[in-house]
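Enquirer: What follows is a structure written as structure tokens; I'll ask about it next.
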Amino acid sequence: MSGSNGSNGARSAASTGRTVAEIVAAQISAGRSRLAVVDGDRTLTYAALEARANVLAHHLRRHGAERDRTVALVLPRSADLVIAVLATLRSGAACVPVDPAVPVERVAATLADARPCAIVTRRGLAARMPRGAWHVVALDRDGAEIERHPTSAPDGACRPSDVVYLVYGPASASRPEREDITHASLLKRVLWQHATVHVTPGDRAPLMSSSAFDAVVWEIWPYLTAGASLHVPDDVTCMDPEALRDWLVAHAITIGFVPTPVAERLIALPWPTWTALRTLLTGADTLHRYPPDGLPFVLVNNYGPTECTVVTTSGPVEPEPFGETLPTIGRPIDNVDVLILDEAMRPVAPDAAGELYIGGAGLARGYRGRPDLTAERFVPHPDEPGARLYRTGDRARLLADGRVAFLGRVDDQVKIRGYRVEPDEIAAALGAQPGVAACAVVARDDDGGERRLVAYVVAAPGAALGREALGTALRRSLPDYMVPATFVVLSSLPLTTNGKVDRAALPAPDASNTLRDGELVAPRTEVETELAAILSALLAVEGVSVEDNFFLLGGHSLLGTQLIVRVRDVFGVELSLRTLFDAPTIADLAAEIERARLAEAA
């Protein structure tokens with residue numbers, strides 16, 4: 001079927017369907033033999049997907065699944081997950097996706113809040129499920145019993161206002177934040193994606209997100225409702241950018257979503273011009289890199305809190321050779337309002353920064369059982385009586401062309417030497433440097449309580465990064481106080497299950513991971529040994545080389561003054577701060593101390 005016919009088919013199905021499950025049913029009727037899901041050696045046609053989903057839906061009905069009830073899905077990315085999601089919607093219940101990799105305490109808290117009538121999982125995971133008033137369905141254990149049910153769809157239909165997903169945010173394990181997403185909100189997002197990226201039955205998309213990440217909603221329904229196919233890469237492939245690129249090419253993937261840190265690695269790799277990939281969607285974290293010229297597909301950056309049904313703004317990211325500001329997050333999608341307001345909830349001046357608020361279609365009902373948090377985050381619209389806005393906590397600026405510039409989190413601003421600093425702004429400049437495939441910048445407190453910037457960098461294949469080169473490059477566009485004191489080299493950035501950089505898992509800098517220029521040169525004299533100990537304590541760094549530059553290690557005038565005082569106390573010589581600027585390495589400063597000692601002894 002041609003692209004235009006497929007797109008028209010999806011719109012035609014949507015015109016009579018009130019839910020995504022109804023549209024999928026129409027696509028199945030239109031092409032039962034079409035490929036639906038590929039998971040390793042397992043392949044499902046649309047007819048096979050429907051049969052397996054329907055028998056499971058009947059089984060779930062037997063255990064209480066219906067409208068206004070929930071079914072928890074504790075499954076990894078797999079064909080089984082796709083079957084279980086469709087089966088849950090066919091049963092009339094709402095899905096509660098739970099990542100099987102999260103701690104048991106988190107699973108228990110989620111289940112206690114959602115109170116599902118059933119849990120769909122596998123035999124090996126069933127033993128980890130806490131006891132409760134729910135029935136545990138292990139697909140590989142209960143297969144024979146499930147297959148006894150009819151392959152026809154159960155009777156009954158959901159209403160657009162019914163909840164389709166319960167999505168839990170990254171709150172504490174004891175009290176998770178929950179958003180209820182309706183069928184109507186999900187359908188609007190699916191139809192928007194059909195219209196924006198022109199999904200057709202010939203498209204092939206990856207299923208890469210954790211089952212508990214709201215992007216998995218985005219990865220499944222736009223494609224099944226268009227008659228396209230889903231392909232599941234293994235976990236090892238997902239973690240290795242080069243292997244993932246090769247997998248995407250080999251499986252002729254045409255369109256797909258990957259979390260932002262993964263996308264930053266992928267666009268830094270060389271790609272064959274004949275790849276079938278035409279659109280790479282990304283989101284979930286701040287994008288710091290622009291695509292290079294000649295990339296054979298379009299990179300589309302997306303922004304959207306879970307509370308607003310996955311996507312709020314979207315737009316292609318064009319190559320920008322000297323891009324030292326963050327790429328934009330695109331324009332508001334259909335039926336969504338984006339407002340940039342000041343602290344009094346008044347519109348800011350054109351091109352001025354403020355907090356981003358979201359209104360219109362797609363807002364969640366709020367946080368179930370958390371009226372205090374709902375009232376804090378979902379606030380009355382200042383200009384539309386009865387309407388609500390979601391307060392994102394993100395800083396943004398509306399550009400003249402209608403695109404939205406993302407400026408970082410309101411609560412992520414840190415103070416460095418008295419200055420307010422946006423770590424994402426630094427990461428944007430760092431990510432623009434040659435050889436940097438991915439990066440993150442955080443503020444860490446040293447043992448003395450002083451806050452310092454630490455940059456974490458992943459080198460592009462074949463690139464050799466140098467601390468001095470990176471520091472010098474950043475100083476061309478950033479003031480000294482925004483240049484990280486330390487650069488830590490990682491093979492990859494740690495990610496949360498939601499695809500964001502896991503800042504809590506970033507390792508503390510030490511001699512084994514800190515970037516330096518050349519080999520570590522150990523102290524050779526007593527003076528160099530004393531100076532190395534002073535600098536190590538003063539700058540909170542380990543393994544200082546005698547060739548290291550004081551200012552490139554994070555030193556500045558205030559710390560320089562402290563260093564001069566320590567030199568006077570330890571060595572009994574008076575040096576000026578100017579001396580430190582002229583002799584910034586331990587080796588050079590040690591020579592200046594020796595010269596001063598000789599001059600005093602003469």
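We name chains A, B, ... following the order of the structure tokens; residues begin at 1 in each chain, and ligands are numbered from 1 as shown.
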Quick one: residues within 10 Å of range 343-352 of chain A, only C-alpha atoms, excluding same-chain residues fewer than 6 positions away - as a VMD selection string?
Expert: chain A and resid 381 to 383 396 to 400 404 to 405
Enquirer: Using only C-alpha atoms, determine which residues lie at most 12 Å from Leu430 in chain A, disregarding the query and same-chain residues fewer than 4 positions distant; provide the list as number ranges by chain.
Expert: A: 287-290, 322-326, 423-426, 434-441, 454-459, 465, 467, 469-478, 482-484, 487
Enquirer: When distances are computed from only C-alpha atoms, which of A:Ile333, A:Cys95, A:Leu356, A:Leu44 shows the smallest separation from His231 in chain A?
Expert: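 Under the stated criterion, the closest residue is A:Leu44.
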Enquirer: Which of range 308-487 of chain A counts as strand (DSSP E) under DSSP, as a ChimeraX atom specification please?
Expert: /A:313-316,331-332,336-341,353-360,378-380,388-398,404-409,414-416,419-421,436-445,451-459,486-487
Enquirer: Would you list the contacts of Ala47 in chain A as a ChimeraX atom specification, taking every protein, DNA or RNA residue within 9 Å and counting only C-alpha atoms, but skipping same-chain residues closer than 3 positions in sequence?
Expert: /A:28-29,31-34,36,44,50-52
Enquirer: Write a file of the selected residues as a PDB file, in the first residue's frame, keeping all heavy atoms.
Expert:
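This went into selection03.pdb:
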```
ATOM      1  N   ILE A  28      -6.348  -3.972  11.526  1.00  0.00           N
ATOM      2  CA  ILE A  28      -6.260  -5.436  11.427  1.00  0.00           C
ATOM      3  C   ILE A  28      -7.203  -5.937  10.348  1.00  0.00           C
ATOM      4  O   ILE A  28      -6.852  -6.793   9.534  1.00  0.00           O
ATOM      5  CB  ILE A  28      -6.574  -6.080  12.787  1.00  0.00           C
ATOM      6  CG1 ILE A  28      -5.447  -5.748  13.794  1.00  0.00           C
ATOM      7  CG2 ILE A  28      -6.743  -7.589  12.653  1.00  0.00           C
ATOM      8  CD1 ILE A  28      -5.773  -6.143  15.221  1.00  0.00           C
ATOM      9  N   SER A  29      -8.401  -5.392  10.304  1.00  0.00           N
ATOM     10  CA  SER A  29      -9.358  -5.797   9.271  1.00  0.00           C
ATOM     11  C   SER A  29      -8.841  -5.466   7.881  1.00  0.00           C
ATOM     12  O   SER A  29      -9.104  -6.191   6.921  1.00  0.00           O
ATOM     13  CB  SER A  29     -10.708  -5.099   9.505  1.00  0.00           C
ATOM     14  OG  SER A  29     -11.259  -5.474  10.752  1.00  0.00           O
ATOM     15  N   GLY A  31      -5.675  -5.408   6.901  1.00  0.00           N
ATOM     16  CA  GLY A  31      -4.482  -6.150   6.481  1.00  0.00           C
ATOM     17  C   GLY A  31      -4.030  -7.141   7.526  1.00  0.00           C
ATOM     18  O   GLY A  31      -3.057  -6.897   8.248  1.00  0.00           O
ATOM     19  N   ARG A  32      -4.723  -8.278   7.622  1.00  0.00           N
ATOM     20  CA  ARG A  32      -4.444  -9.245   8.676  1.00  0.00           C
ATOM     21  C   ARG A  32      -3.080  -9.909   8.511  1.00  0.00           C
ATOM     22  O   ARG A  32      -2.481 -10.351   9.483  1.00  0.00           O
ATOM     23  CB  ARG A  32      -5.544 -10.318   8.700  1.00  0.00           C
ATOM     24  CG  ARG A  32      -6.924  -9.749   9.031  1.00  0.00           C
ATOM     25  CD  ARG A  32      -7.979 -10.831   9.033  1.00  0.00           C
ATOM     26  NE  ARG A  32      -7.716 -11.863  10.026  1.00  0.00           N
ATOM     27  CZ  ARG A  32      -7.982 -11.741  11.320  1.00  0.00           C
ATOM     28  NH1 ARG A  32      -8.513 -10.624  11.779  1.00  0.00           N
ATOM     29  NH2 ARG A  32      -7.729 -12.731  12.152  1.00  0.00           N
ATOM     30  N   SER A  33      -2.594  -9.989   7.281  1.00  0.00           N
ATOM     31  CA  SER A  33      -1.316 -10.679   7.049  1.00  0.00           C
ATOM     32  C   SER A  33      -0.114  -9.743   7.161  1.00  0.00           C
ATOM     33  O   SER A  33       1.030 -10.192   7.048  1.00  0.00           O
ATOM     34  CB  SER A  33      -1.318 -11.342   5.671  1.00  0.00           C
ATOM     35  OG  SER A  33      -1.435 -10.360   4.647  1.00  0.00           O
ATOM     36  N   ARG A  34      -0.347  -8.462   7.390  1.00  0.00           N
ATOM     37  CA  ARG A  34       0.766  -7.520   7.503  1.00  0.00           C
ATOM     38  C   ARG A  34       1.577  -7.807   8.762  1.00  0.00           C
ATOM     39  O   ARG A  34       1.056  -8.263   9.777  1.00  0.00           O
ATOM     40  CB  ARG A  34       0.258  -6.074   7.557  1.00  0.00           C
ATOM     41  CG  ARG A  34      -0.182  -5.522   6.211  1.00  0.00           C
ATOM     42  CD  ARG A  34      -0.170  -3.994   6.228  1.00  0.00           C
ATOM     43  NE  ARG A  34      -0.997  -3.449   7.305  1.00  0.00           N
ATOM     44  CZ  ARG A  34      -2.153  -2.836   7.107  1.00  0.00           C
ATOM     45  NH1 ARG A  34      -2.641  -2.712   5.886  1.00  0.00           N
ATOM     46  NH2 ARG A  34      -2.833  -2.341   8.129  1.00  0.00           N
ATOM     47  N   ALA A  36       3.299  -7.150  12.168  1.00  0.00           N
ATOM     48  CA  ALA A  36       2.967  -6.276  13.297  1.00  0.00           C
ATOM     49  C   ALA A  36       4.132  -6.108  14.265  1.00  0.00           C
ATOM     50  O   ALA A  36       4.500  -4.985  14.604  1.00  0.00           O
ATOM     51  CB  ALA A  36       1.754  -6.824  14.045  1.00  0.00           C
ATOM     52  N   LEU A  44       5.056 -11.654  14.659  1.00  0.00           N
ATOM     53  CA  LEU A  44       3.602 -11.658  14.745  1.00  0.00           C
ATOM     54  C   LEU A  44       3.015 -10.853  13.599  1.00  0.00           C
ATOM     55  O   LEU A  44       3.420  -9.702  13.381  1.00  0.00           O
ATOM     56  CB  LEU A  44       3.130 -11.037  16.067  1.00  0.00           C
ATOM     57  CG  LEU A  44       3.507 -11.731  17.377  1.00  0.00           C
ATOM     58  CD1 LEU A  44       3.010 -10.896  18.557  1.00  0.00           C
ATOM     59  CD2 LEU A  44       2.923 -13.132  17.439  1.00  0.00           C
ATOM     60  N   GLU A  50      -3.809  -9.900  17.044  1.00  0.00           N
ATOM     61  CA  GLU A  50      -5.194  -9.777  17.478  1.00  0.00           C
ATOM     62  C   GLU A  50      -5.645 -11.017  18.245  1.00  0.00           C
ATOM     63  O   GLU A  50      -6.262 -10.916  19.314  1.00  0.00           O
ATOM     64  CB  GLU A  50      -6.114  -9.560  16.286  1.00  0.00           C
ATOM     65  CG  GLU A  50      -7.580  -9.452  16.707  1.00  0.00           C
ATOM     66  CD  GLU A  50      -8.521  -9.308  15.531  1.00  0.00           C
ATOM     67  OE1 GLU A  50      -8.329 -10.019  14.535  1.00  0.00           O
ATOM     68  OE2 GLU A  50      -9.448  -8.487  15.628  1.00  0.00           O
ATOM     69  N   ALA A  51      -5.316 -12.199  17.718  1.00  0.00           N
ATOM     70  CA  ALA A  51      -5.756 -13.440  18.369  1.00  0.00           C
ATOM     71  C   ALA A  51      -5.173 -13.551  19.772  1.00  0.00           C
ATOM     72  O   ALA A  51      -5.894 -13.874  20.736  1.00  0.00           O
ATOM     73  CB  ALA A  51      -5.355 -14.643  17.521  1.00  0.00           C
ATOM     74  N   ARG A  52      -3.878 -13.274  19.924  1.00  0.00           N
ATOM     75  CA  ARG A  52      -3.237 -13.397  21.231  1.00  0.00           C
ATOM     76  C   ARG A  52      -3.731 -12.327  22.204  1.00  0.00           C
ATOM     77  O   ARG A  52      -3.899 -12.583  23.408  1.00  0.00           O
ATOM     78  CB  ARG A  52      -1.720 -13.336  21.081  1.00  0.00           C
ATOM     79  CG  ARG A  52      -1.136 -14.640  20.546  1.00  0.00           C
ATOM     80  CD  ARG A  52       0.273 -14.479  19.996  1.00  0.00           C
ATOM     81  NE  ARG A  52       0.836 -15.753  19.635  1.00  0.00           N
ATOM     82  CZ  ARG A  52       0.494 -16.450  18.538  1.00  0.00           C
ATOM     83  NH1 ARG A  52      -0.456 -15.988  17.724  1.00  0.00           N
ATOM     84  NH2 ARG A  52       1.072 -17.606  18.256  1.00  0.00           N
TER      85      ARG A  52
END
```
Enquirer: Enter the distance from CA of Pro130 in chain A to CA of Ala108 in chain A, in Å, rounded to one decimal.
Expert: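 Value for the CA of Pro130 in chain A-CA of Ala108 in chain A distance: 6.2 Å.
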Enquirer: Which one of A:Met129, A:Cys117, A:Leu89, A:Val565 sits closest to Val102 in chain A if you count only C-alpha atoms?
Expert: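 Checking each of A:Met129, A:Cys117, A:Leu89, A:Val565 against Val102 in chain A, counting only C-alpha atoms, the winner is A:Met129.
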Enquirer: If you run DSSP on the backbone here, which positions in range 456-577 of chain A get alpha helix (DSSP H)? Please write them as number ranges by chain.
Expert: A: 467-475, 526-539, 557-571, 577
Enquirer: Convert the current residue selection to file output with C-alpha atoms, as a compact mmCIF listing (two decimals), in the first residue's frame.
Expert:
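The new file out05.txt reads:
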```
# COMPACT_ATOMS: atom_id res chain seq x y z
CA ARG A 467 41.25 19.01 29.29
CA GLU A 468 43.17 22.12 28.27
CA ALA A 469 41.64 22.14 24.79
CA LEU A 470 38.11 21.78 26.16
CA GLY A 471 38.65 24.43 28.83
CA THR A 472 40.14 26.87 26.32
CA ALA A 473 37.27 26.28 23.88
CA LEU A 474 34.65 26.89 26.55
CA ARG A 475 36.30 30.12 27.62
CA GLU A 526 60.00 17.76 48.31
CA VAL A 527 58.62 21.17 47.27
CA GLU A 528 56.58 19.63 44.43
CA THR A 529 55.23 16.97 46.81
CA GLU A 530 54.10 19.60 49.33
CA LEU A 531 52.56 21.75 46.58
CA ALA A 532 50.71 18.76 45.11
CA ALA A 533 49.18 18.01 48.53
CA ILE A 534 48.16 21.67 48.97
CA LEU A 535 46.53 21.86 45.51
CA SER A 536 44.82 18.50 45.89
CA ALA A 537 43.16 19.65 49.13
CA LEU A 538 42.45 23.18 47.91
CA LEU A 539 40.89 22.10 44.58
CA SER A 557 41.64 34.30 41.90
CA LEU A 558 39.96 33.62 45.25
CA LEU A 559 41.50 30.16 45.51
CA GLY A 560 44.76 31.59 44.19
CA THR A 561 44.88 33.96 47.13
CA GLN A 562 44.38 31.02 49.49
CA LEU A 563 47.16 29.14 47.71
CA ILE A 564 49.58 32.07 48.13
CA VAL A 565 48.77 32.15 51.87
CA ARG A 566 49.39 28.38 52.16
CA VAL A 567 52.72 28.76 50.31
CA ARG A 568 53.76 31.47 52.76
CA ASP A 569 52.78 29.34 55.75
CA VAL A 570 54.44 26.14 54.53
CA PHE A 571 57.51 27.42 52.69
CA LEU A 577 49.20 36.46 42.91
```
Enquirer: Could you give me, as a compact mmCIF listing (two decimals) with N, CA, C and O atoms, in the first residue's frame, the residues within 9 Å of range 253-255 of chain A, counting only C-alpha atoms and dropping anything in the same chain fewer than 2 positions from it?
Expert:
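Now in selection-v7.txt:
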```txt
# COMPACT_ATOMS: atom_id res chain seq x y z
N VAL A 197 4.50 13.23 11.01
CA VAL A 197 5.60 12.46 10.41
C VAL A 197 5.11 11.44 9.39
O VAL A 197 5.89 10.63 8.90
N VAL A 199 3.05 8.65 9.18
CA VAL A 199 3.23 7.22 9.41
C VAL A 199 2.35 6.44 8.43
O VAL A 199 1.17 6.75 8.25
N GLY A 202 3.85 0.94 5.64
CA GLY A 202 5.18 0.47 5.27
C GLY A 202 6.27 0.85 6.24
O GLY A 202 7.43 0.42 6.08
N ASP A 203 5.94 1.61 7.27
CA ASP A 203 6.96 2.05 8.21
C ASP A 203 7.34 0.93 9.18
O ASP A 203 6.55 0.05 9.51
N ARG A 204 8.59 1.00 9.62
CA ARG A 204 9.15 0.05 10.58
C ARG A 204 9.77 0.87 11.71
O ARG A 204 10.61 1.73 11.47
N ALA A 205 9.33 0.62 12.95
CA ALA A 205 9.74 1.43 14.09
C ALA A 205 10.31 0.56 15.20
O ALA A 205 9.85 -0.57 15.40
N PRO A 206 11.28 1.06 15.96
CA PRO A 206 11.83 0.28 17.08
C PRO A 206 11.00 0.47 18.34
O PRO A 206 10.34 1.49 18.53
N HIS A 231 9.65 -3.28 15.96
CA HIS A 231 10.81 -4.17 16.00
C HIS A 231 11.54 -3.95 17.32
O HIS A 231 11.81 -2.81 17.71
N TRP A 247 21.99 -1.92 13.87
CA TRP A 247 20.70 -2.62 13.95
C TRP A 247 19.62 -1.84 13.22
O TRP A 247 18.81 -2.42 12.49
N LEU A 248 19.58 -0.53 13.41
CA LEU A 248 18.59 0.30 12.74
C LEU A 248 18.72 0.20 11.23
O LEU A 248 17.72 0.13 10.50
N VAL A 249 19.97 0.18 10.76
CA VAL A 249 20.21 0.07 9.31
C VAL A 249 19.83 -1.31 8.81
O VAL A 249 19.12 -1.46 7.80
N ALA A 250 20.27 -2.35 9.51
CA ALA A 250 20.03 -3.73 9.06
C ALA A 250 18.56 -4.08 9.04
O ALA A 250 18.10 -4.86 8.19
N HIS A 251 17.78 -3.52 9.96
CA HIS A 251 16.35 -3.83 10.03
C HIS A 251 15.50 -2.83 9.26
O HIS A 251 14.27 -2.85 9.37
N PHE A 257 11.84 6.47 17.89
CA PHE A 257 12.18 7.32 19.03
C PHE A 257 13.34 6.71 19.80
O PHE A 257 13.37 5.49 20.04
N THR A 275 20.67 4.43 4.23
CA THR A 275 19.83 3.95 5.32
C THR A 275 18.36 4.28 5.07
O THR A 275 18.02 5.33 4.50
N ALA A 276 17.47 3.39 5.51
CA ALA A 276 16.03 3.62 5.35
C ALA A 276 15.50 4.64 6.36
O ALA A 276 14.40 5.18 6.18
N LEU A 277 16.26 4.90 7.41
CA LEU A 277 15.81 5.81 8.46
C LEU A 277 15.62 7.21 7.89
O LEU A 277 16.54 7.80 7.31
N ARG A 278 14.41 7.77 8.05
CA ARG A 278 14.15 9.12 7.55
C ARG A 278 13.90 10.12 8.68
O ARG A 278 14.13 11.31 8.52
N THR A 279 13.41 9.62 9.84
CA THR A 279 13.11 10.53 10.96
C THR A 279 13.52 9.86 12.26
O THR A 279 13.09 8.75 12.56
N LEU A 280 14.36 10.55 13.03
CA LEU A 280 14.74 10.09 14.36
C LEU A 280 14.14 11.05 15.37
O LEU A 280 14.50 12.23 15.42
N LEU A 281 13.18 10.56 16.15
CA LEU A 281 12.53 11.36 17.19
C LEU A 281 13.31 11.21 18.49
O LEU A 281 13.79 10.12 18.81
```
Enquirer: Give me the residues within 9 Å of Thr579 in chain A as a CSV table (one decimal) with C-alpha atoms, in the first residue's frame, counting only C-alpha atoms and dropping any in the same chain fewer than 4 places off.
Expert:
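So the final result, stored in selection.csv, reads:
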```csv
chain,number,residue,atom,x,y,z
A,575,LEU,CA,54.8,35.3,46.4
A,583,ALA,CA,53.7,30.0,36.8
A,584,PRO,CA,50.4,28.1,37.0
A,589,LEU,CA,55.5,27.3,41.0
A,592,GLU,CA,59.5,30.1,41.8
```
Enquirer: Give me the residues within 7 Å of Ala443 in chain A as JSON, numbers by chain, counting only C-alpha atoms and dropping any in the same chain fewer than 6 places off.
Expert: {"A": [451, 452, 453, 454]}
Enquirer: With N, CA and C atoms retained, write the just-selected residues as a short mmCIF file (atom, residue, chain, number, x, y, z; two decimals), in the first residue's frame.
Expert:
```
data_model
loop_
_atom_site.label_atom_id
_atom_site.label_comp_id
_atom_site.auth_asym_id
_atom_site.auth_seq_id
_atom_site.Cartn_x
_atom_site.Cartn_y
_atom_site.Cartn_z
N ARG A 451 31.08 24.66 46.19
CA ARG A 451 30.41 24.05 45.04
C ARG A 451 31.25 24.26 43.79
N ARG A 452 31.46 23.16 43.06
CA ARG A 452 32.26 23.21 41.84
C ARG A 452 31.51 22.53 40.70
N LEU A 453 31.80 22.96 39.49
CA LEU A 453 31.20 22.37 38.30
C LEU A 453 32.05 21.20 37.82
N VAL A 454 31.39 20.09 37.54
CA VAL A 454 32.06 18.91 37.00
C VAL A 454 31.38 18.56 35.69
#
```
